[in-house]
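So this one's input_1.csv, CSV, C-alpha atoms and all ligand atoms:
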chain,number,residue,atom,x,y,z
A,1,MET,CA,15.8,7.9,-24.9
A,2,GLU,CA,17.8,4.6,-25.3
A,3,ASN,CA,20.6,6.1,-23.2
A,4,ASP,CA,18.3,6.7,-20.3
A,5,LYS,CA,17.3,3.1,-19.9
A,6,ILE,CA,18.1,1.6,-16.6
A,7,ASN,CA,18.6,-2.0,-15.5
A,8,PRO,CA,15.9,-2.5,-12.8
A,9,GLN,CA,18.1,-4.5,-10.5
A,10,GLN,CA,20.8,-2.0,-10.8
A,11,LEU,CA,18.4,0.8,-10.0
A,12,VAL,CA,17.3,-1.0,-6.8
A,13,ASP,CA,21.0,-1.6,-5.9
A,14,GLU,CA,21.8,2.0,-6.6
A,15,PHE,CA,18.9,3.2,-4.5
A,16,LYS,CA,20.8,4.7,-1.5
A,17,ASP,CA,18.1,6.9,-0.1
A,18,ILE,CA,15.6,4.2,0.9
A,19,PRO,CA,16.7,2.2,3.9
A,20,PRO,CA,16.2,-1.6,3.3
A,21,MET,CA,13.0,-1.3,5.3
A,22,PRO,CA,11.9,1.3,7.9
A,23,ASN,CA,13.5,0.2,11.2
A,24,VAL,CA,10.3,0.3,13.2
A,25,MET,CA,8.6,-1.9,10.6
A,26,VAL,CA,11.4,-4.5,10.7
A,27,ARG,CA,11.0,-4.7,14.5
A,28,ALA,CA,7.2,-5.0,14.3
A,29,LEU,CA,7.5,-7.8,11.8
A,30,GLU,CA,10.0,-9.6,14.0
A,31,VAL,CA,7.5,-9.5,16.9
A,32,ILE,CA,4.7,-10.8,14.7
A,33,LYS,CA,6.8,-13.6,13.3
A,34,ASN,CA,8.0,-14.8,16.7
A,35,PRO,CA,5.2,-16.7,18.6
A,36,GLN,CA,7.1,-16.3,21.9
A,37,THR,CA,6.6,-12.6,21.9
A,38,GLY,CA,3.4,-10.8,22.2
A,39,ILE,CA,1.4,-7.6,22.6
A,40,LYS,CA,3.8,-6.3,25.3
A,41,GLU,CA,6.7,-6.4,23.0
A,42,LEU,CA,4.8,-4.7,20.3
A,43,ALA,CA,3.7,-2.0,22.8
A,44,ASN,CA,7.4,-1.5,23.7
A,45,ILE,CA,8.3,-0.8,20.1
A,46,MET,CA,5.4,1.6,19.7
A,47,SER,CA,6.0,3.4,23.0
A,48,VAL,CA,9.5,4.4,21.9
A,49,ASP,CA,8.0,6.5,19.1
A,50,GLN,CA,5.7,9.3,20.5
A,51,SER,CA,4.2,9.9,17.1
A,52,ILE,CA,3.2,6.2,16.6
A,53,LEU,CA,1.8,6.1,20.1
A,54,THR,CA,-0.4,9.1,19.8
A,55,LYS,CA,-1.5,8.4,16.2
A,56,THR,CA,-2.4,4.8,17.1
A,57,LEU,CA,-4.5,6.0,20.0
A,58,SER,CA,-6.2,8.7,18.0
A,59,LEU,CA,-7.1,6.2,15.2
A,60,VAL,CA,-8.4,3.6,17.7
A,61,ASN,CA,-10.6,6.3,19.2
A,62,SER,CA,-11.9,7.6,15.8
A,63,ALA,CA,-14.9,6.6,13.7
A,64,TYR,CA,-12.5,4.5,11.6
A,65,TYR,CA,-12.9,1.6,14.0
A,66,GLY,CA,-16.1,2.8,15.7
A,67,PHE,CA,-15.3,1.3,19.1
A,68,HIS,CA,-17.8,2.5,21.7
A,69,GLN,CA,-15.4,3.0,24.6
A,70,GLN,CA,-12.7,5.5,25.1
A,71,ILE,CA,-9.3,3.7,24.8
A,72,THR,CA,-6.5,5.6,26.6
A,73,SER,CA,-3.8,3.0,27.0
A,74,LEU,CA,-1.7,1.5,24.3
A,75,ASN,CA,-1.9,-2.0,25.8
A,76,LYS,CA,-5.7,-1.9,25.7
A,77,ALA,CA,-5.6,-0.5,22.2
A,78,LEU,CA,-3.4,-3.4,21.1
A,79,VAL,CA,-5.6,-6.0,22.8
A,80,ILE,CA,-8.7,-4.6,21.1
A,81,LEU,CA,-7.0,-4.2,17.7
A,82,GLY,CA,-5.0,-7.4,17.7
A,83,MET,CA,-1.4,-7.8,16.6
A,84,MET,CA,-1.9,-7.8,12.8
A,85,LYS,CA,-3.9,-4.5,12.8
A,86,ALA,CA,-1.4,-2.9,15.1
A,87,LYS,CA,1.4,-4.0,12.9
A,88,ASN,CA,-0.4,-2.5,9.9
A,89,ILE,CA,-0.7,0.9,11.7
A,90,ILE,CA,3.0,0.8,12.4
A,91,MET,CA,3.7,0.0,8.8
A,92,SER,CA,1.5,2.8,7.6
A,93,LEU,CA,3.3,5.4,9.7
A,94,ALA,CA,6.7,4.0,8.8
A,95,LEU,CA,5.8,4.2,5.1
A,96,LYS,CA,4.2,7.6,5.4
A,97,GLN,CA,7.5,9.3,5.9
A,98,MET,CA,9.2,7.3,3.1
A,99,MET,CA,6.4,7.9,0.7
A,100,THR,CA,5.8,11.6,1.3
A,101,THR,CA,9.5,12.5,1.3
A,102,GLN,CA,10.7,10.3,-1.6
A,103,GLY,CA,7.5,9.9,-3.5
A,104,SER,CA,4.7,12.4,-3.0
A,105,ARG,CA,1.8,13.1,-0.7
A,106,GLU,CA,-0.4,11.9,-3.5
A,107,LEU,CA,1.3,8.5,-3.5
A,108,TRP,CA,0.9,8.2,0.3
A,109,GLU,CA,-2.8,9.1,0.1
A,110,HIS,CA,-3.4,6.8,-2.9
A,111,SER,CA,-1.6,3.9,-1.1
A,112,ALA,CA,-3.7,4.4,2.0
A,113,LYS,CA,-6.9,4.5,0.0
A,114,CYS,CA,-6.0,1.4,-1.9
A,115,ALA,CA,-5.0,-0.5,1.3
A,116,ILE,CA,-8.4,0.3,2.8
A,117,ALA,CA,-10.3,-0.7,-0.3
A,118,ALA,CA,-8.3,-3.9,-0.6
A,119,GLU,CA,-9.1,-4.7,3.0
A,120,MET,CA,-12.8,-4.1,2.5
A,121,LEU,CA,-12.9,-6.2,-0.7
A,122,ALA,CA,-11.1,-9.1,1.1
A,123,GLN,CA,-13.6,-8.9,3.9
A,124,GLU,CA,-16.4,-9.1,1.5
A,125,TYR,CA,-15.1,-11.6,-1.0
A,126,LYS,CA,-12.9,-13.7,1.3
A,127,VAL,CA,-10.2,-14.1,-1.3
A,128,ILE,CA,-7.3,-13.4,1.0
A,129,ASN,CA,-6.9,-12.4,4.6
A,130,PRO,CA,-8.0,-8.7,5.0
A,131,ASP,CA,-4.9,-7.7,7.0
A,132,ASP,CA,-2.7,-9.1,4.3
A,133,ALA,CA,-4.8,-7.3,1.7
A,134,PHE,CA,-4.2,-4.0,3.5
A,135,VAL,CA,-0.5,-4.5,3.3
A,136,ILE,CA,-0.5,-5.4,-0.3
A,137,GLY,CA,-2.7,-2.4,-1.1
A,138,PHE,CA,-0.4,-0.1,0.8
A,139,LEU,CA,2.7,-1.3,-1.0
A,140,HIS,CA,1.4,-1.9,-4.5
A,141,ASP,CA,2.9,1.3,-6.0
A,142,VAL,CA,6.1,1.4,-3.8
A,143,GLY,CA,8.2,1.1,-7.0
A,144,LYS,CA,7.1,4.7,-8.0
A,145,ILE,CA,9.4,6.0,-5.3
A,146,LEU,CA,12.4,4.7,-7.1
A,147,LEU,CA,11.5,6.3,-10.4
A,148,ASN,CA,10.6,9.6,-8.7
A,149,THR,CA,13.9,9.7,-6.8
A,150,LYS,CA,15.9,8.8,-9.9
A,151,ASN,CA,14.5,11.7,-11.9
A,152,PRO,CA,11.5,13.6,-10.5
A,153,ILE,CA,11.0,15.9,-13.5
A,154,LYS,CA,11.1,13.1,-16.0
A,155,TYR,CA,8.8,11.0,-13.8
A,156,SER,CA,6.2,13.7,-13.5
A,157,LYS,CA,6.3,14.1,-17.2
A,158,ALA,CA,5.7,10.3,-17.6
A,159,ARG,CA,2.7,10.4,-15.3
A,160,TYR,CA,1.3,13.5,-17.0
A,161,LEU,CA,1.6,11.8,-20.4
A,162,ALA,CA,-0.1,8.6,-19.2
A,163,GLN,CA,-3.0,10.6,-17.8
A,164,GLN,CA,-3.4,12.9,-20.8
A,165,ASN,CA,-3.3,10.0,-23.3
A,166,GLN,CA,-5.1,7.5,-21.0
A,167,VAL,CA,-2.3,5.0,-21.5
A,168,ASP,CA,-1.3,2.5,-18.8
A,169,LEU,CA,1.4,4.2,-16.7
A,170,CYS,CA,3.7,1.2,-16.9
A,171,GLU,CA,3.8,1.5,-20.7
A,172,VAL,CA,4.9,5.1,-20.4
A,173,GLU,CA,7.4,4.3,-17.6
A,174,ASP,CA,8.9,1.6,-19.8
A,175,SER,CA,9.4,4.0,-22.7
A,176,PHE,CA,10.9,6.7,-20.4
A,177,PHE,CA,13.0,4.5,-18.0
A,178,GLY,CA,13.3,1.1,-19.6
A,179,THR,CA,11.5,-0.3,-16.6
A,180,ASN,CA,8.3,0.3,-14.6
A,181,HIS,CA,7.0,0.7,-11.0
A,182,CYS,CA,5.6,-2.8,-11.0
A,183,VAL,CA,8.9,-4.5,-11.8
A,184,LEU,CA,10.8,-2.1,-9.4
A,185,GLY,CA,8.2,-2.5,-6.6
A,186,ALA,CA,8.5,-6.3,-6.8
A,187,LEU,CA,12.3,-5.9,-6.5
A,188,VAL,CA,11.9,-3.7,-3.4
A,189,SER,CA,9.5,-6.3,-1.9
A,190,LYS,CA,12.0,-9.1,-2.5
A,191,LYS,CA,14.8,-7.0,-1.1
A,192,TRP,CA,12.7,-6.4,2.0
A,193,GLN,CA,12.1,-10.2,2.2
A,194,LEU,CA,8.3,-9.7,2.2
A,195,PRO,CA,6.1,-12.8,1.5
A,196,VAL,CA,5.9,-14.1,-2.0
A,197,ILE,CA,2.2,-13.2,-2.4
A,198,LEU,CA,3.1,-9.6,-1.8
A,199,THR,CA,6.0,-9.5,-4.4
A,200,ASN,CA,3.7,-11.3,-6.9
A,201,CYS,CA,0.8,-8.9,-6.4
A,202,ILE,CA,3.0,-5.8,-6.7
A,203,ARG,CA,4.6,-7.2,-9.8
A,204,CYS,CA,1.2,-7.9,-11.5
A,205,HIS,CA,-1.2,-5.4,-10.1
A,206,HIS,CA,-1.7,-3.8,-13.5
A,207,ASN,CA,-2.2,-7.1,-15.2
A,208,PRO,CA,-3.4,-9.8,-12.8
A,209,VAL,CA,-4.0,-12.3,-15.5
A,210,GLN,CA,-0.2,-12.8,-15.7
A,211,SER,CA,0.0,-13.6,-12.0
A,212,SER,CA,0.4,-17.1,-10.6
A,213,LEU,CA,-1.8,-15.8,-7.8
A,214,PRO,CA,-4.5,-14.2,-10.0
A,215,SER,CA,-7.3,-13.9,-7.4
A,216,ALA,CA,-5.2,-12.1,-4.8
A,217,CYS,CA,-3.7,-9.9,-7.5
A,218,ALA,CA,-7.1,-9.1,-9.1
A,219,LEU,CA,-8.3,-7.9,-5.7
A,220,VAL,CA,-5.5,-5.3,-5.6
A,221,TYR,CA,-6.2,-4.4,-9.3
A,222,VAL,CA,-9.9,-3.7,-8.4
A,223,ALA,CA,-9.0,-1.8,-5.2
A,224,ASP,CA,-6.4,0.3,-7.1
A,225,ARG,CA,-8.9,1.3,-9.8
A,226,LEU,CA,-11.8,1.7,-7.4
A,227,VAL,CA,-10.0,4.6,-5.5
A,228,GLN,CA,-8.8,6.5,-8.5
A,229,THR,CA,-11.4,9.2,-8.8
A,230,ARG,CA,-9.9,10.5,-12.1
A,231,ILE,CA,-11.6,7.4,-13.6
A,232,PRO,CA,-15.2,8.8,-13.2
A,233,THR,CA,-16.8,5.4,-13.0
A,234,PRO,CA,-14.6,2.6,-11.9
A,235,PHE,CA,-14.1,0.2,-14.8
A,236,PHE,CA,-12.6,-3.3,-14.6
A,237,GLU,CA,-11.6,-5.7,-17.4
A,238,GLN,CA,-14.1,-8.6,-17.4
A,239,SER,CA,-11.4,-11.2,-17.9
A,240,ILE,CA,-9.8,-10.0,-14.6
A,241,LEU,CA,-13.0,-10.0,-12.7
A,242,ASP,CA,-13.5,-13.6,-13.9
A,243,LYS,CA,-10.2,-14.5,-12.3
A,244,LEU,CA,-11.4,-13.0,-9.1
A,245,ASP,CA,-14.6,-14.9,-9.5
A,246,ILE,CA,-16.7,-12.0,-8.3
A,247,GLN,CA,-19.0,-9.4,-9.7
A,248,ILE,CA,-18.7,-5.8,-8.6
A,249,ASN,CA,-22.3,-4.9,-8.6
A,250,ASP,CA,-22.2,-1.3,-7.3
A,251,PRO,CA,-18.7,0.1,-7.8
A,252,MET,CA,-19.7,3.6,-7.0
A,253,ALA,CA,-21.0,2.6,-3.6
A,254,LEU,CA,-17.9,0.6,-2.9
A,255,ARG,CA,-15.8,3.6,-3.9
A,256,GLU,CA,-17.7,5.9,-1.6
A,257,ASN,CA,-17.4,3.5,1.3
A,258,ALA,CA,-13.6,3.1,0.8
A,259,LEU,CA,-13.0,6.8,0.3
A,260,SER,CA,-15.0,7.9,3.3
A,261,LYS,CA,-13.1,5.4,5.5
A,262,ALA,CA,-9.8,6.5,4.0
A,263,SER,CA,-10.5,10.1,4.7
A,264,ILE,CA,-10.9,9.4,8.5
A,265,PHE,CA,-7.7,7.3,8.4
A,266,LEU,CA,-5.7,10.0,6.6
A,267,LYS,CA,-7.0,12.7,9.0
A,268,GLU,CA,-5.9,10.7,12.0
A,269,MET,CA,-2.5,9.9,10.4
A,270,SER,CA,-1.9,13.5,9.4
A,271,GLY,CA,0.7,15.8,10.9
A,272,THR,CA,4.4,15.3,11.2
A,273,VAL,CA,5.6,11.7,11.5
B,301,FE,FE,0.3,0.9,-10.1
B,302,FE,FE,-2.0,2.4,-7.7

Do you think you could lay out the structure here as structure tokens?
Amino acid sequence: MENDKINPQQLVDEFKDIPPMPNVMVRALEVIKNPQTGIKELANIMSVDQSILTKTLSLVNSAYYGFHQQITSLNKALVILGMMKAKNIIMSLALKQMMTTQGSRELWEHSAKCAIAAEMLAQEYKVINPDDAFVIGFLHDVGKILLNTKNPIKYSKARYLAQQNQVDLCEVEDSFFGTNHCVLGALVSKKWQLPVILTNCIRCHHNPVQSSLPSACALVYVADRLVQTRIPTPFFEQSILDKLDIQINDPMALRENALSKASIFLKEMSGTV
């Protein structure tokens, strides 16, 4: 297995199939960063892509947001949603294509569920901004794409072994590839020039105690475990919850809430991107 070990930085550099960042996401982030531009510019970006346009409108009109009025124009949708939520929809759709083609449908669905759970936890516990929590939740496992693309058969074996033996996936990845999805995901985040908080949370989401931003990171850790239904009752390390400074009193109710919201989101986002 020694020969199969990969230098993580080299793996990211070698990764030719993933563009630095989906183009529409780059443009959306530029609009958000520039205070001179506004909703109109964001609407222009979204209007170019018919799929983004229709899916945004259908999500805005769904029970996911629960607005009481019918919203038929993109401009109106953006005013009601606000720039950050609109940006997150663009990001979700841009990542959907990348995640389903180079990762798996399961990865895309898990990422969306974790994003929604992280957003809900952030709203409740006010640890970080809920819109940022959504992005971090969405991208926490992005490193899996690199391992899957490098060697899909070997990677599915690693995942199977981790599940069967109930070992942390990162440990198995380390022994198979000499690196893991947390390290690789953080490198992708750096390459995409995403904020430090994001890189940090991606790097430490399996072990938030090691993070220099433990409470943000612990929130993603909780969200990640909350939505994994193969863990029959969500279980969290007490030392990690202490970092977050919260008590999860009813994890099953939280799980149910997050998953029912996620199922509406995934339904509205389904179909060809
Ligand atoms: Fe993970
Ligand atoms: Fe995960």

Please identify all polymer residues within 10 Å of A:Ile240, counting only C-alpha atoms, omitting same-chain residues fewer than 3 positions from it, and present them as an mmCIF file with C-alpha atoms, in the coordinates of the input.
data_model
loop_
_atom_site.group_PDB
_atom_site.id
_atom_site.type_symbol
_atom_site.label_atom_id
_atom_site.label_comp_id
_atom_site.auth_asym_id
_atom_site.auth_seq_id
_atom_site.Cartn_x
_atom_site.Cartn_y
_atom_site.Cartn_z
ATOM 1 C CA ASN A 207 -2.200 -7.100 -15.200
ATOM 2 C CA PRO A 208 -3.400 -9.800 -12.800
ATOM 3 C CA VAL A 209 -4.000 -12.300 -15.500
ATOM 4 C CA PRO A 214 -4.500 -14.200 -10.000
ATOM 5 C CA SER A 215 -7.300 -13.900 -7.400
ATOM 6 C CA CYS A 217 -3.700 -9.900 -7.500
ATOM 7 C CA ALA A 218 -7.100 -9.100 -9.100
ATOM 8 C CA LEU A 219 -8.300 -7.900 -5.700
ATOM 9 C CA TYR A 221 -6.200 -4.400 -9.300
ATOM 10 C CA VAL A 222 -9.900 -3.700 -8.400
ATOM 11 C CA PHE A 236 -12.600 -3.300 -14.600
ATOM 12 C CA GLU A 237 -11.600 -5.700 -17.400
ATOM 13 C CA LYS A 243 -10.200 -14.500 -12.300
ATOM 14 C CA LEU A 244 -11.400 -13.000 -9.100
ATOM 15 C CA ASP A 245 -14.600 -14.900 -9.500
ATOM 16 C CA ILE A 246 -16.700 -12.000 -8.300
#

Taking 6 positions as the minimum chain separation for residues in the same chain, which residues sit within 8 Å of A:Glu119 when counting only C-alpha atoms? Answer as a ChimeraX atom specification.
/A:130-134,137

I'd like the neighbourhood of stretch 258-265 of chain A as a ChimeraX atom specification, where a residue qualifies if any of its atoms comes within 7 Å (using all atoms listed in the file), though same-chain residues fewer than 2 positions away should be ignored.
/A:59,64,112-113,116-117,227,254-256,267-269

Write out as CSV the residues of chain A that have any atom within 7 Å of an atom of ligand FE 301 (chain B), one row each with the nearest atom pair and its distance in Å to one decimal, counting only C-alpha atoms and all ligand atoms, sorted by chain and then rising number.
residue,atom,partner,partner_atom,distance
A:His140,CA,B:FE301,FE,6.4
A:Asp141,CA,B:FE301,FE,4.9
A:His181,CA,B:FE301,FE,6.8
A:Cys182,CA,B:FE301,FE,6.5
A:His205,CA,B:FE301,FE,6.5
A:His206,CA,B:FE301,FE,6.1

Restricting the output to C-alpha atoms, write the selected residues as a PDB file, keeping the file's coordinate frame.
ATOM      1  CA  HIS A 140       1.400  -1.900  -4.500  1.00  0.00           C
ATOM      2  CA  ASP A 141       2.900   1.300  -6.000  1.00  0.00           C
ATOM      3  CA  HIS A 181       7.000   0.700 -11.000  1.00  0.00           C
ATOM      4  CA  CYS A 182       5.600  -2.800 -11.000  1.00  0.00           C
ATOM      5  CA  HIS A 205      -1.200  -5.400 -10.100  1.00  0.00           C
ATOM      6  CA  HIS A 206      -1.700  -3.800 -13.500  1.00  0.00           C
TER       7      HIS A 206
END

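Atom pair atom CA of A:Ile39 / atom CA of A:Leu53 has a distance of 13.9 Å (rounded to one decimal).
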
Would you mind reading off the distance between atom CA of A:Gln210 and atom CA of A:Gln193, one decimal, in Å?
21.9 Å

Identify which of the residues A:Gln163, A:Asn249, A:Gln228, A:Gln102 lies closest to ligand FE 302 (chain B), counting only C-alpha atoms and all ligand atoms when measuring atom-to-atom distances.
A:Gln228

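Take the candidates A:Ala186, A:Val172, A:Trp108, A:Val127 and check each one against A:Leu213 using all atoms listed in the file; the shortest distance goes to A:Val127.
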
Write out as a PyMOL selection string each polymer residue whose atoms come within 12 Å of A:Glu41, counting all atoms listed in the file; drop sequence neighbours fewer than 3 positions from it.
chain A and resi 27-32+34-38+44-48+74-75+78+83+86-87

Please produce a file of the residues just selected, as a tab-separated table (two decimals), in the coordinates of the input, where the atoms kept are C-alpha atoms.
chain	number	residue	atom	x	y	z
A	27	ARG	CA	11.00	-4.70	14.50
A	28	ALA	CA	7.20	-5.00	14.30
A	29	LEU	CA	7.50	-7.80	11.80
A	30	GLU	CA	10.00	-9.60	14.00
A	31	VAL	CA	7.50	-9.50	16.90
A	32	ILE	CA	4.70	-10.80	14.70
A	34	ASN	CA	8.00	-14.80	16.70
A	35	PRO	CA	5.20	-16.70	18.60
A	36	GLN	CA	7.10	-16.30	21.90
A	37	THR	CA	6.60	-12.60	21.90
A	38	GLY	CA	3.40	-10.80	22.20
A	44	ASN	CA	7.40	-1.50	23.70
A	45	ILE	CA	8.30	-0.80	20.10
A	46	MET	CA	5.40	1.60	19.70
A	47	SER	CA	6.00	3.40	23.00
A	48	VAL	CA	9.50	4.40	21.90
A	74	LEU	CA	-1.70	1.50	24.30
A	75	ASN	CA	-1.90	-2.00	25.80
A	78	LEU	CA	-3.40	-3.40	21.10
A	83	MET	CA	-1.40	-7.80	16.60
A	86	ALA	CA	-1.40	-2.90	15.10
A	87	LYS	CA	1.40	-4.00	12.90

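Of the listed residues A:Leu184, A:Cys201, A:Ile248, A:Ala43, the one whose atoms come nearest to A:Val79 is A:Ala43, with distances taken using all atoms listed in the file.
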
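Nearest residue to ligand FE 302 (chain B), choosing from A:His110, A:Lys150, A:His68, A:Lys126 and counting only C-alpha atoms and all ligand atoms: A:His110.
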
Leaving out A:Asn148 and any residue of its chain fewer than 2 positions from it, which residues lie within 12 Å of it when counting all atoms listed in the file, given as a PyMOL selection string?
chain A and resi 11+15+17+99-104+107+141-146+150-159+173+177+180-181+184

Can you work out the spacing between atom CA of A:Ile197 and atom CA of A:Lys40 in Å, to one decimal?
28.6 Å
